[in-house]
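With mmCIF, C-alpha atoms inside, this is final22.cif:
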```cif
data_coords
#
loop_
_atom_site.label_atom_id
_atom_site.label_comp_id
_atom_site.auth_asym_id
_atom_site.auth_seq_id
_atom_site.Cartn_x
_atom_site.Cartn_y
_atom_site.Cartn_z
CA MET A 23 16.56 -0.56 20.01
CA VAL A 24 13.39 1.54 19.91
CA LEU A 25 10.79 -0.89 21.17
CA GLY A 26 7.69 0.90 19.85
CA PHE A 27 8.94 0.82 16.27
CA ALA A 28 9.93 -2.84 16.46
CA ALA A 29 6.54 -3.74 17.95
CA ALA A 30 4.77 -1.78 15.20
CA ALA A 31 6.82 -3.57 12.52
CA ILE A 32 5.92 -6.97 13.97
CA ALA A 33 2.24 -6.00 14.31
CA MET A 34 2.16 -4.85 10.69
CA LEU A 35 3.71 -8.13 9.55
CA ILE A 36 1.03 -10.02 11.48
CA ALA A 37 -1.63 -7.75 9.97
CA LEU A 38 -0.46 -8.86 6.53
CA ILE A 39 -1.77 -12.39 7.07
CA PRO A 40 -5.28 -11.70 5.64
CA ALA A 41 -3.74 -10.09 2.54
CA GLY A 42 -1.36 -13.05 2.31
CA ILE A 43 -4.35 -15.40 2.24
CA VAL A 44 -5.78 -13.42 -0.70
CA LEU A 45 -2.38 -13.52 -2.39
CA CYS A 46 -2.23 -17.31 -2.11
CA ARG A 47 -5.85 -18.22 -2.74
CA GLY A 48 -7.50 -15.39 -4.67
CA ASP A 49 -8.08 -15.07 -8.40
CA LEU A 50 -5.60 -13.19 -10.57
CA ALA A 51 -7.12 -9.73 -10.11
CA ALA A 52 -7.39 -10.11 -6.34
CA THR A 53 -3.82 -11.39 -6.24
CA VAL A 54 -2.56 -8.22 -7.97
CA VAL A 55 -4.40 -6.09 -5.41
CA ALA A 56 -2.93 -8.12 -2.56
CA PHE A 57 0.54 -7.77 -4.10
CA GLU A 58 0.21 -3.97 -4.22
CA PHE A 59 -1.11 -3.88 -0.67
CA ILE A 60 1.68 -6.05 0.73
CA THR A 61 4.40 -4.11 -1.11
CA ALA A 62 3.13 -0.81 0.29
CA VAL A 63 3.07 -2.21 3.82
CA ILE A 64 6.53 -3.75 3.49
CA VAL A 65 7.91 -0.28 2.63
CA MET A 66 6.64 0.87 6.02
CA VAL A 67 7.93 -2.24 7.80
CA LEU A 68 11.43 -1.62 6.43
CA ALA A 69 11.33 2.00 7.61
CA LEU A 70 10.09 0.91 11.03
CA LEU A 71 12.82 -1.72 11.39
CA ALA A 72 15.52 0.75 10.33
CA GLN A 73 14.27 3.14 12.99
CA ALA A 74 13.90 0.36 15.56
CA PHE A 75 17.50 -0.78 15.16
CA GLN A 76 18.81 2.77 14.77
CA ARG A 77 20.67 2.01 11.53
CA PRO A 78 20.57 5.04 9.21
CA SER A 79 21.95 3.03 6.29
CA LEU A 80 18.90 0.76 6.35
CA PHE A 81 16.65 3.71 5.55
CA GLU A 82 17.71 3.38 1.92
CA LEU A 83 15.81 0.11 1.61
CA PRO A 84 12.29 1.56 1.99
CA VAL A 85 13.17 4.35 -0.46
CA LEU A 86 14.38 1.81 -3.02
CA LEU A 87 11.38 -0.46 -2.51
CA ALA A 88 8.97 2.48 -2.85
CA VAL A 89 10.52 3.30 -6.24
CA LEU A 90 10.59 -0.33 -7.33
CA MET A 91 6.99 -0.81 -6.19
CA PHE A 92 5.86 1.69 -8.79
CA GLY A 93 7.80 0.04 -11.63
CA SER A 94 7.01 -3.53 -10.70
CA GLY A 95 3.34 -2.76 -10.14
CA LEU A 96 3.02 -1.15 -13.55
CA VAL A 97 4.83 -4.04 -15.24
CA PHE A 98 2.56 -6.51 -13.44
CA VAL A 99 -0.71 -4.81 -14.37
CA ARG A 100 0.42 -4.23 -17.96
CA ALA A 101 1.31 -7.92 -18.29
CA MET A 102 -2.05 -8.85 -16.78
CA GLU A 103 -3.83 -6.51 -19.18
CA ARG A 104 -2.17 -7.94 -22.29
CA TRP A 105 -1.08 -11.50 -21.73
CA LEU A 106 -2.42 -13.09 -18.56
CA MET B 4 8.64 10.87 27.46
CA ALA B 5 5.80 12.81 25.81
CA ARG B 6 7.52 12.37 22.46
CA GLU B 7 7.62 8.60 22.90
CA VAL B 8 3.97 8.43 23.92
CA PHE B 9 2.87 10.53 20.96
CA SER B 10 5.09 8.53 18.62
CA ASP B 11 3.66 5.24 19.93
CA MET B 12 0.12 6.56 19.48
CA LEU B 13 0.85 7.39 15.85
CA LEU B 14 2.39 3.97 15.29
CA GLY B 15 -0.59 2.26 16.94
CA LEU B 16 -2.95 4.16 14.68
CA ALA B 17 -0.91 3.15 11.63
CA VAL B 18 -1.03 -0.51 12.69
CA VAL B 19 -4.81 -0.34 13.20
CA ILE B 20 -5.25 1.17 9.74
CA VAL B 21 -3.08 -1.51 8.13
CA ALA B 22 -4.87 -4.31 9.99
CA GLY B 23 -8.30 -2.96 9.01
CA ALA B 24 -7.26 -2.49 5.39
CA SER B 25 -5.83 -6.00 5.29
CA LEU B 26 -9.12 -7.41 6.55
CA GLY B 27 -10.89 -5.32 3.91
CA VAL B 28 -8.71 -6.85 1.19
CA LEU B 29 -9.63 -10.30 2.48
CA LEU B 30 -13.36 -9.76 2.99
CA MET B 31 -14.45 -7.67 0.02
CA ARG B 32 -16.08 -9.52 -2.88
CA ASP B 33 -14.24 -8.50 -6.03
CA ALA B 34 -10.95 -6.85 -6.98
CA TYR B 35 -12.58 -3.44 -7.56
CA GLN B 36 -13.77 -3.37 -3.96
CA LYS B 37 -10.54 -4.81 -2.62
CA LEU B 38 -8.53 -2.09 -4.37
CA HIS B 39 -10.22 0.58 -2.23
CA PHE B 40 -8.47 -0.83 0.81
CA VAL B 41 -4.99 -0.44 -0.65
CA THR B 42 -5.19 3.35 -0.39
CA PRO B 43 -5.33 3.61 3.44
CA ALA B 44 -2.32 1.33 3.74
CA ALA B 45 -0.40 3.01 0.92
CA LEU B 46 -1.15 6.64 1.78
CA VAL B 47 -2.54 7.20 5.28
CA ALA B 48 -0.44 4.74 7.29
CA PRO B 49 2.90 5.87 5.73
CA VAL B 50 2.06 9.46 6.68
CA LEU B 51 1.51 8.35 10.28
CA VAL B 52 4.75 6.34 10.30
CA THR B 53 6.68 9.33 8.91
CA LEU B 54 5.15 11.56 11.57
CA ALA B 55 6.13 9.03 14.24
CA VAL B 56 9.75 9.05 13.01
CA LEU B 57 9.66 12.86 12.89
CA VAL B 58 8.32 13.09 16.44
CA GLN B 59 10.86 10.56 17.72
CA MET B 60 13.96 11.81 15.89
CA GLY B 61 13.27 15.42 14.91
CA MET B 62 14.61 16.70 11.60
CA THR B 63 17.40 14.23 10.91
CA GLU B 64 18.70 12.28 7.93
CA ASN B 65 16.50 9.33 8.91
CA THR B 66 13.41 11.50 8.82
CA GLY B 67 14.42 12.85 5.44
CA GLU B 68 14.79 9.39 3.95
CA THR B 69 11.47 8.30 5.43
CA CYS B 70 9.87 11.39 3.88
CA LEU B 71 11.45 10.43 0.55
CA ALA B 72 9.94 6.93 0.75
CA LEU B 73 6.60 8.51 1.67
CA PHE B 74 6.89 10.85 -1.31
CA PHE B 75 7.38 7.94 -3.71
CA LEU B 76 4.48 6.04 -2.14
CA VAL B 77 2.18 9.05 -2.42
CA ILE B 78 3.14 9.61 -6.05
CA ALA B 79 2.97 5.93 -7.03
CA GLY B 80 -0.25 4.95 -5.22
CA PRO B 81 -2.86 6.77 -7.34
CA TYR B 82 -1.09 5.95 -10.63
CA LEU B 83 -0.87 2.31 -9.68
CA SER B 84 -4.52 2.14 -8.62
CA HIS B 85 -5.59 3.76 -11.88
CA ALA B 86 -3.45 1.39 -13.95
CA THR B 87 -4.79 -1.61 -12.04
CA ILE B 88 -8.44 -0.63 -12.52
CA ARG B 89 -7.74 0.00 -16.19
CA ALA B 90 -6.15 -3.42 -16.56
CA PHE B 91 -9.18 -5.05 -14.90
CA ARG B 92 -11.54 -3.30 -17.30
CA VAL B 93 -9.47 -4.21 -20.34
CA ARG B 94 -9.47 -7.85 -19.24
CA GLU B 95 -13.22 -7.84 -18.68
CA LYS B 96 -14.51 -5.69 -21.57
CA GLY B 97 -11.67 -5.45 -24.07
CA ASP B 98 -11.31 -1.69 -23.66
CA TRP B 99 -11.10 0.55 -20.60
CA ARG B 100 -13.35 3.30 -22.00
CA PRO B 101 -17.01 3.08 -20.96
CA GLY B 102 -19.28 1.94 -23.74
CA SER B 103 -16.47 1.53 -26.27
CA ASN B 104 -17.48 -2.02 -27.06
CA GLY B 105 -20.98 -0.93 -27.91
CA GLU B 106 -22.66 -1.78 -24.65
CA ALA B 107 -22.60 -0.11 -21.30
CA SER B 108 -23.57 -1.78 -18.08
CA ALA B 109 -26.74 -0.78 -16.26
CA GLU B 110 -24.69 0.92 -13.56
CA GLU B 111 -22.80 2.93 -16.16
CA LYS B 112 -26.05 3.98 -17.80
CA GLU B 113 -27.36 5.10 -14.44
CA LEU B 114 -24.22 7.11 -13.78
CA ASP B 115 -24.34 8.46 -17.34
CA LEU B 116 -20.74 7.42 -18.04
#
```
Can I see the file as structure tokens?
Amino acid sequence: MVLGFAAAAIAMLIALIPAGIVLCRGDLAATVVAFEFITAVIVMVLALLAQAFQRPSLFELPVLLAVLMFGSGLVFVRAMERWL
Amino acid sequence: MAREVFSDMLLGLAVVIVAGASLGVLLMRDAYQKLHFVTPAALVAPVLVTLAVLVQMGMTENTGETCLALFFLVIAGPYLSHATIRAFRVREKGDWRPGSNGEASAEEKELDL
């Protein structure tokens, strides 16, 4: 296990707490921003964990999430624009 | 040894950027201001993480896949920010174009938008 990468992944997860507070307690617009922020950071956390545990197959997860982040974010903001 | 130190420095910098941006998302007043703090976490920190993987592993398959994730993040980030701002404006004013509903805000008049 590569300790630096695991430590960075844990630190980033802890750093998400303020954004998590906004996600839980903010208004709708702030919640969308927090969602986008957290998704972007989770992409990095997945890459860091894959590197930390030295599992090449796990590197597909951040790639997939990065693609899905784009689609899900657009669907979310479009729904907010029209219906929410 | 030098590789590990440099890699850890890059990771530490990425963590500091994410932590600062997260605090920015929490402390800023409205969603427009909060959205500014998504960019450092979605663009700058992933570049640092990719560099850290590159320094640690060299040009391997892992580095390539991390670069691919970074590529998608870099492409998606600006589009997503634009779409989000547009959605906020449509919710607030009915149309995203400045002055399309017949009245522009004082700030917009100042900026001549």
Exercise for the section: At a cut-off of 6 Å, list the chain B residues touching chain A, using all atoms listed in the file, as a PyMOL selection string. Expected result: chain B and resi 11+18+22+25-26+29+34+38+41+45+65+72+75-76+79+87+90+94
Practice task
Show which residues sit within 12 Å of Leu54 of chain B, as a ChimeraX atom specification. Count all atoms listed in the file, and ignore same-chain residues fewer than 2 positions away.
Solution key: /A:70 /B:6-7,9-14,16-17,47-52,56-62,65-67,69-70,73
Practice task
Give me, please, the distance in Å between atom CA of Phe91 of chain B and atom CA of Phe40 of chain B, quoted to one decimal.
Solution key: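 Distance reported for this atom pair: 16.3 Å.
Comparing the minimum interatomic distances between Ile78 of chain B and each of B:Pro101, B:Thr42, B:Tyr35, B:Glu64, counting only C-alpha atoms, we find that B:Thr42 sits nearest.
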Exercise for the section: Measure the distance from atom CA of Gly27 of chain B to atom CA of Cys46 of chain A in Å and round it to one decimal. Expected result: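 Computed distance, atom CA of Gly27 of chain B to atom CA of Cys46 of chain A, equals 16.0 Å.
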Problem - Pairwise distance for atom CA of Pro81 of chain B and atom CA of Leu46 of chain B, rounded to one decimal in Å - result: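 Value for the atom CA of Pro81 of chain B-atom CA of Leu46 of chain B distance: 9.3 Å.
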